>>> print(open('upload_16.cif').read())   # mmCIF, C-alpha atoms
data_structure
loop_
_atom_site.group_PDB
_atom_site.id
_atom_site.type_symbol
_atom_site.label_atom_id
_atom_site.label_comp_id
_atom_site.auth_asym_id
_atom_site.auth_seq_id
_atom_site.Cartn_x
_atom_site.Cartn_y
_atom_site.Cartn_z
ATOM 1 C CA MET T 848 0.000 0.000 0.000
ATOM 2 C CA ARG T 849 1.098 3.489 -0.758
ATOM 3 C CA ALA T 850 -0.205 6.643 0.775
ATOM 4 C CA VAL T 851 0.334 10.291 0.069
ATOM 5 C CA VAL T 852 -0.552 11.942 3.363
ATOM 6 C CA GLN T 853 -1.222 15.646 3.624
ATOM 7 C CA ARG T 854 -1.776 17.614 6.799
ATOM 8 C CA VAL T 855 -4.781 19.758 5.998
ATOM 9 C CA SER T 856 -6.778 22.491 7.634
ATOM 10 C CA ARG T 857 -9.686 21.269 5.500
ATOM 11 C CA ALA T 858 -10.366 18.929 2.602
ATOM 12 C CA ALA T 859 -13.370 17.802 0.581
ATOM 13 C CA VAL T 860 -14.326 15.384 -2.182
ATOM 14 C CA ARG T 861 -16.970 16.157 -4.781
ATOM 15 C CA ILE T 862 -18.519 13.696 -7.197
ATOM 16 C CA GLY T 863 -20.669 15.029 -10.011
ATOM 17 C CA GLY T 864 -20.639 18.480 -8.416
ATOM 18 C CA ALA T 865 -22.029 17.244 -5.084
ATOM 19 C CA THR T 866 -19.936 17.127 -1.933
ATOM 20 C CA ARG T 867 -19.418 13.506 -0.908
ATOM 21 C CA ALA T 868 -17.221 14.138 2.144
ATOM 22 C CA ALA T 869 -15.526 17.016 3.927
ATOM 23 C CA ILE T 870 -13.230 17.330 6.939
ATOM 24 C CA GLY T 871 -11.699 20.048 9.040
ATOM 25 C CA PRO T 872 -8.166 19.793 10.449
ATOM 26 C CA GLY T 873 -6.650 16.366 9.911
ATOM 27 C CA LEU T 874 -5.219 14.086 7.258
ATOM 28 C CA LEU T 875 -6.028 13.735 3.585
ATOM 29 C CA ILE T 876 -4.886 10.228 2.673
ATOM 30 C CA LEU T 877 -4.550 9.311 -1.006
ATOM 31 C CA LEU T 878 -4.369 5.511 -0.887
ATOM 32 C CA GLY T 879 -3.058 3.157 -3.548
ATOM 33 C CA VAL T 880 -3.425 -0.618 -3.332
ATOM 34 C CA GLU T 881 -1.245 -3.194 -5.076
ATOM 35 C CA PRO T 882 -1.977 -6.905 -5.621
ATOM 36 C CA ALA T 883 0.542 -8.068 -2.991
ATOM 37 C CA ASP T 884 -1.042 -6.061 -0.159
ATOM 38 C CA THR T 885 -2.234 -7.984 2.898
ATOM 39 C CA GLN T 886 -3.962 -7.412 6.231
ATOM 40 C CA GLU T 887 -0.512 -6.824 7.708
ATOM 41 C CA ASP T 888 0.011 -3.898 5.297
ATOM 42 C CA ILE T 889 -3.360 -2.517 6.374
ATOM 43 C CA ARG T 890 -2.571 -2.801 10.087
ATOM 44 C CA TRP T 891 0.898 -1.308 9.728
ATOM 45 C CA LEU T 892 -0.116 1.632 7.524
ATOM 46 C CA SER T 893 -3.242 2.475 9.486
ATOM 47 C CA GLY T 894 -1.348 2.422 12.775
ATOM 48 C CA LYS T 895 1.422 4.529 11.323
ATOM 49 C CA LEU T 896 -1.042 7.150 10.083
ATOM 50 C CA ALA T 897 -3.051 7.278 13.315
ATOM 51 C CA ARG T 898 0.171 7.815 15.316
ATOM 52 C CA LEU T 899 2.106 9.973 12.821
ATOM 53 C CA ARG T 900 3.259 13.044 14.742
ATOM 54 C CA ILE T 901 2.909 15.841 12.203
ATOM 55 C CA PHE T 902 0.685 18.280 14.095
ATOM 56 C CA GLY T 903 2.065 21.108 16.179
ATOM 57 C CA ASP T 904 2.299 21.185 19.950
ATOM 58 C CA GLU T 905 2.334 24.324 22.122
ATOM 59 C CA GLN T 906 5.820 25.184 20.827
ATOM 60 C CA GLY T 907 4.827 24.608 17.212
ATOM 61 C CA LEU T 908 6.874 21.407 16.943
ATOM 62 C CA MET T 909 5.483 18.387 15.116
ATOM 63 C CA ASN T 910 4.784 16.310 18.219
ATOM 64 C CA ARG T 911 1.087 15.427 17.978
ATOM 65 C CA SER T 912 -0.826 12.863 15.964
ATOM 66 C CA VAL T 913 -4.187 13.309 14.291
ATOM 67 C CA THR T 914 -5.790 11.372 17.143
ATOM 68 C CA GLU T 915 -4.140 13.577 19.765
ATOM 69 C CA ILE T 916 -5.541 16.744 18.188
ATOM 70 C CA GLY T 917 -8.996 15.200 17.685
ATOM 71 C CA GLY T 918 -8.569 15.587 13.923
ATOM 72 C CA GLU T 919 -10.319 13.831 11.093
ATOM 73 C CA ALA T 920 -9.219 11.756 8.118
ATOM 74 C CA LEU T 921 -10.390 11.698 4.515
ATOM 75 C CA VAL T 922 -9.343 8.598 2.546
ATOM 76 C CA VAL T 923 -9.423 8.748 -1.251
ATOM 77 C CA SER T 924 -8.574 5.758 -3.460
ATOM 78 C CA GLN T 925 -5.727 6.595 -5.841
ATOM 79 C CA PHE T 926 -4.617 3.762 -8.138
ATOM 80 C CA THR T 927 -2.323 6.205 -9.959
ATOM 81 C CA LEU T 928 0.118 6.005 -7.015
ATOM 82 C CA PHE T 929 1.334 2.798 -8.675
ATOM 83 C CA ALA T 930 1.937 4.444 -12.045
ATOM 84 C CA SER T 931 5.038 3.435 -13.961
ATOM 85 C CA THR T 932 6.555 5.981 -16.329
ATOM 86 C CA LYS T 933 9.528 3.815 -17.262
ATOM 87 C CA LYS T 934 8.516 3.439 -20.911
ATOM 88 C CA GLY T 935 7.314 6.348 -22.988
ATOM 89 C CA ASN T 936 5.191 9.215 -21.771
ATOM 90 C CA ARG T 937 1.919 7.452 -21.055
ATOM 91 C CA PRO T 938 1.859 5.967 -17.545
ATOM 92 C CA SER T 939 1.158 2.293 -17.042
ATOM 93 C CA PHE T 940 -0.957 1.263 -14.078
ATOM 94 C CA VAL T 941 -0.307 -2.488 -14.175
ATOM 95 C CA GLY T 942 1.201 -2.270 -10.663
ATOM 96 C CA ALA T 943 -2.137 -1.231 -9.163
ATOM 97 C CA ALA T 944 -4.535 -3.861 -7.864
ATOM 98 C CA LYS T 945 -7.624 -4.592 -9.929
ATOM 99 C CA PRO T 946 -10.913 -3.451 -8.347
ATOM 100 C CA GLU T 947 -11.906 -6.956 -7.237
ATOM 101 C CA THR T 948 -8.748 -7.030 -5.084
ATOM 102 C CA ALA T 949 -8.428 -3.332 -4.280
ATOM 103 C CA VAL T 950 -11.978 -2.588 -3.074
ATOM 104 C CA PRO T 951 -11.995 -5.093 -0.175
ATOM 105 C CA LEU T 952 -8.509 -3.957 0.894
ATOM 106 C CA TYR T 953 -9.475 -0.270 0.668
ATOM 107 C CA GLU T 954 -12.603 -0.910 2.743
ATOM 108 C CA ALA T 955 -10.613 -2.960 5.281
ATOM 109 C CA PHE T 956 -8.089 -0.125 5.535
ATOM 110 C CA CYS T 957 -10.893 2.360 6.268
ATOM 111 C CA ARG T 958 -12.292 0.059 8.986
ATOM 112 C CA GLN T 959 -8.841 -0.367 10.543
ATOM 113 C CA LEU T 960 -8.213 3.388 10.452
ATOM 114 C CA ALA T 961 -11.560 3.943 12.200
ATOM 115 C CA ALA T 962 -10.491 1.554 14.953
ATOM 116 C CA ASP T 963 -7.024 3.125 15.263
ATOM 117 C CA MET T 964 -8.323 6.701 15.326
ATOM 118 C CA GLY T 965 -11.447 6.044 17.363
ATOM 119 C CA LYS T 966 -13.662 7.575 14.680
ATOM 120 C CA PRO T 967 -14.492 6.604 11.106
ATOM 121 C CA PRO T 968 -12.710 8.377 8.278
ATOM 122 C CA GLN T 969 -14.612 10.203 5.590
ATOM 123 C CA THR T 970 -14.148 8.632 2.157
ATOM 124 C CA GLY T 971 -14.386 9.280 -1.512
ATOM 125 C CA GLU T 972 -16.004 6.696 -3.777
ATOM 126 C CA PHE T 973 -13.802 3.933 -5.129
ATOM 127 C CA GLY T 974 -13.513 4.149 -8.918
ATOM 128 C CA ALA T 975 -15.462 7.392 -9.252
ATOM 129 C CA HIS T 976 -14.179 10.515 -10.956
ATOM 130 C CA MET T 977 -13.618 12.788 -7.964
ATOM 131 C CA GLU T 978 -12.650 16.384 -7.414
ATOM 132 C CA VAL T 979 -10.463 16.643 -4.326
ATOM 133 C CA GLU T 980 -10.056 20.044 -2.757
ATOM 134 C CA LEU T 981 -7.680 20.707 0.113
ATOM 135 C CA VAL T 982 -5.850 23.345 2.027
ATOM 136 C CA ASN T 983 -2.461 21.825 2.831
ATOM 137 C CA ASP T 984 -1.357 23.067 6.245
ATOM 138 C CA GLY T 985 2.361 23.763 6.264
ATOM 139 C CA PRO T 986 2.628 22.461 3.612
ATOM 140 C CA VAL T 987 3.172 18.980 4.993
ATOM 141 C CA THR T 988 3.080 16.087 2.501
ATOM 142 C CA ILE T 989 4.529 12.655 3.277
ATOM 143 C CA LEU T 990 4.842 9.515 1.147
ATOM 144 C CA ILE T 991 4.501 6.188 2.959
ATOM 145 C CA ASP T 992 4.826 2.717 1.428
ATOM 146 C CA SER T 993 3.944 -0.317 3.524
ATOM 147 C CA LYS T 994 6.452 -2.486 1.658
ATOM 148 C CA ARG T 995 9.384 -0.110 2.278
ATOM 149 C CA ARG T 996 8.372 0.797 5.846
ATOM 150 C CA GLU T 997 10.328 4.037 5.824
#
>>> encode(input="upload_16.cif", output="structure tokens")
Amino acid sequence: MRAVVQRVSRAAVRIGGATRAAIGPGLLILLGVEPADTQEDIRWLSGKLARLRIFGDEQGLMNRSVTEIGGEALVVSQFTLFASTKKGNRPSFVGAAKPETAVPLYEAFCRQLAADMGKPPQTGEFGAHMEVELVNDGPVTILIDSKRRE
């Protein structure tokens, strides 16, 4: 699993012009799933995100997690995180899991994140054309890959 995580002051997803989900301060998580992902990837990544200390404390240092600040999460499926641009100029997405594999893993990730944060995340709609709007706070943007564990 790959995630692009952004610390946001607010974020929203619209589908067909209608707002599907919106959050205040918290994390916007763009989530990509690959065929080799397992429940262990879900547990590791969800726990990492729930505990990731990227929010400011009283001194303005990044010492608090989204759960510690009472923040929210918005999870948006993003198969393009597994794009390969090795050949030519048109990306290949063969590294991304097919929907029949990706959807159950995406849904399991959202359930695990709800358990780890103590509140359910807001979500986009898997496979839909979405407009994602955000105000990146910082800016803070972090890439996390469950296979690399960096």
>>> residues_around(input="upload_16.cif", residues="Arg898 of chain T", least_positions_apart="6", cutoff="9 Å", atoms="all atoms listed in the file", output="JSON, numbers by chain")
{"T": [911, 912, 913, 914, 915, 963, 964]}
>>> write_last_selection(input="upload_16.cif", atoms="C-alpha atoms", output="short mmCIF file (atom, residue, chain, number, x, y, z; two decimals), in the coordinates of the input")
data_model
loop_
_atom_site.label_atom_id
_atom_site.label_comp_id
_atom_site.auth_asym_id
_atom_site.auth_seq_id
_atom_site.Cartn_x
_atom_site.Cartn_y
_atom_site.Cartn_z
CA ARG T 911 1.09 15.43 17.98
CA SER T 912 -0.83 12.86 15.96
CA VAL T 913 -4.19 13.31 14.29
CA THR T 914 -5.79 11.37 17.14
CA GLU T 915 -4.14 13.58 19.76
CA ASP T 963 -7.02 3.12 15.26
CA MET T 964 -8.32 6.70 15.33
#
>>> closest_residue(input="upload_16.cif", among="T:Lys933, T:Arg995, T:Arg958, T:Lys966", to="Arg890 of chain T", atoms="only C-alpha atoms")
T:Arg958
>>> resolve_selection(input="upload_16.cif", expression="the PyMOL selection byres ((chain T and resi 880) around 9)", output="NGL selection string")
:T and (848-850 or 878-879 or 881-884 or 924-926 or 928-929 or 942-945 or 948-950 or 952-953)
>>> resolve_selection(input="upload_16.cif", expression="the PyMOL selection byres ((chain T and resi 891) around 12)", output="list of chain:residue names")
T:Met848, T:Arg849, T:Asp884, T:Thr885, T:Gln886, T:Glu887, T:Asp888, T:Ile889, T:Arg890, T:Leu892, T:Ser893, T:Gly894, T:Lys895, T:Leu896, T:Ala897, T:Arg898, T:Leu899, T:Phe956, T:Gln959, T:Leu960, T:Asp963, T:Ile991, T:Asp992, T:Ser993, T:Lys994, T:Arg995, T:Arg996, T:Glu997
>>> closest_residue(input="upload_16.cif", among="T:Ile870, T:Cys957, T:Val860, T:Ile876", to="Glu972 of chain T", atoms="all atoms listed in the file")
T:Val860
>>> residues_around(input="upload_16.cif", residues="Gln969 of chain T", least_positions_apart="4", cutoff="8 Å", atoms="all atoms listed in the file", output="list in words")
Ala868, Ala869, Ile870, Glu919, Ala920, Leu921 and Val922 of chain T
>>> atom_distance(input="upload_16.cif", atom1="atom CA of Ile862 of chain T", atom2="atom CA of Pro968 of chain T")
17.4 Å
>>> atom_distance(input="upload_16.cif", atom1="atom CA of Gly974 of chain T", atom2="atom CA of Leu990 of chain T")
21.6 Å
>>> decode(input="upload_16.cif", residues="segment 906-933 of chain T", atoms="N, CA and C atoms", output="short mmCIF file (atom, residue, chain, number, x, y, z; two decimals), in the first residue's frame")
data_model
loop_
_atom_site.label_atom_id
_atom_site.label_comp_id
_atom_site.auth_asym_id
_atom_site.auth_seq_id
_atom_site.Cartn_x
_atom_site.Cartn_y
_atom_site.Cartn_z
N GLN T 906 4.64 24.50 21.34
CA GLN T 906 5.82 25.18 20.83
C GLN T 906 5.87 25.20 19.30
N GLY T 907 4.86 24.64 18.66
CA GLY T 907 4.83 24.61 17.21
C GLY T 907 5.62 23.47 16.61
N LEU T 908 6.11 22.56 17.44
CA LEU T 908 6.87 21.41 16.94
C LEU T 908 5.93 20.28 16.55
N MET T 909 6.30 19.51 15.56
CA MET T 909 5.48 18.39 15.12
C MET T 909 5.60 17.25 16.13
N ASN T 910 4.74 17.29 17.14
CA ASN T 910 4.78 16.31 18.22
C ASN T 910 3.44 15.65 18.50
N ARG T 911 2.42 15.98 17.73
CA ARG T 911 1.09 15.43 17.98
C ARG T 911 0.57 14.69 16.76
N SER T 912 -0.20 13.65 17.04
CA SER T 912 -0.83 12.86 15.96
C SER T 912 -2.22 13.40 15.70
N VAL T 913 -2.82 12.92 14.63
CA VAL T 913 -4.19 13.31 14.29
C VAL T 913 -5.15 12.91 15.41
N THR T 914 -4.91 11.79 16.05
CA THR T 914 -5.79 11.37 17.14
C THR T 914 -5.61 12.28 18.35
N GLU T 915 -4.39 12.70 18.62
CA GLU T 915 -4.14 13.58 19.76
C GLU T 915 -4.78 14.95 19.61
N ILE T 916 -4.92 15.43 18.38
CA ILE T 916 -5.54 16.74 18.19
C ILE T 916 -7.04 16.63 17.97
N GLY T 917 -7.57 15.40 17.95
CA GLY T 917 -9.00 15.20 17.69
C GLY T 917 -9.35 15.48 16.24
N GLY T 918 -8.37 15.31 15.34
CA GLY T 918 -8.57 15.59 13.92
C GLY T 918 -9.34 14.49 13.20
N GLU T 919 -9.56 14.75 11.93
CA GLU T 919 -10.32 13.83 11.09
C GLU T 919 -9.42 13.29 9.99
N ALA T 920 -9.93 12.30 9.27
CA ALA T 920 -9.22 11.76 8.12
C ALA T 920 -10.19 11.64 6.95
N LEU T 921 -9.66 11.88 5.77
CA LEU T 921 -10.39 11.70 4.52
C LEU T 921 -9.54 10.78 3.66
N VAL T 922 -10.07 9.60 3.32
CA VAL T 922 -9.34 8.60 2.55
C VAL T 922 -9.92 8.57 1.14
N VAL T 923 -9.02 8.73 0.15
CA VAL T 923 -9.42 8.75 -1.25
C VAL T 923 -8.61 7.69 -1.99
N SER T 924 -9.28 6.78 -2.68
CA SER T 924 -8.57 5.76 -3.46
C SER T 924 -7.82 6.43 -4.60
N GLN T 925 -6.60 5.93 -4.86
CA GLN T 925 -5.73 6.59 -5.84
C GLN T 925 -4.84 5.55 -6.51
N PHE T 926 -5.40 4.81 -7.48
CA PHE T 926 -4.62 3.76 -8.14
C PHE T 926 -3.41 4.33 -8.87
N THR T 927 -3.44 5.61 -9.21
CA THR T 927 -2.32 6.20 -9.96
C THR T 927 -1.04 6.30 -9.13
N LEU T 928 -1.11 6.02 -7.83
CA LEU T 928 0.12 6.00 -7.01
C LEU T 928 1.04 4.86 -7.43
N PHE T 929 0.51 3.90 -8.17
CA PHE T 929 1.33 2.80 -8.67
C PHE T 929 1.64 2.95 -10.17
N ALA T 930 1.62 4.17 -10.64
CA ALA T 930 1.94 4.44 -12.05
C ALA T 930 3.41 4.15 -12.32
N SER T 931 3.67 3.61 -13.49
CA SER T 931 5.04 3.44 -13.96
C SER T 931 5.22 4.31 -15.20
N THR T 932 6.26 5.12 -15.18
CA THR T 932 6.55 5.98 -16.33
C THR T 932 7.88 5.57 -16.97
N LYS T 933 8.25 4.32 -16.76
CA LYS T 933 9.53 3.82 -17.26
C LYS T 933 9.61 3.86 -18.79
#
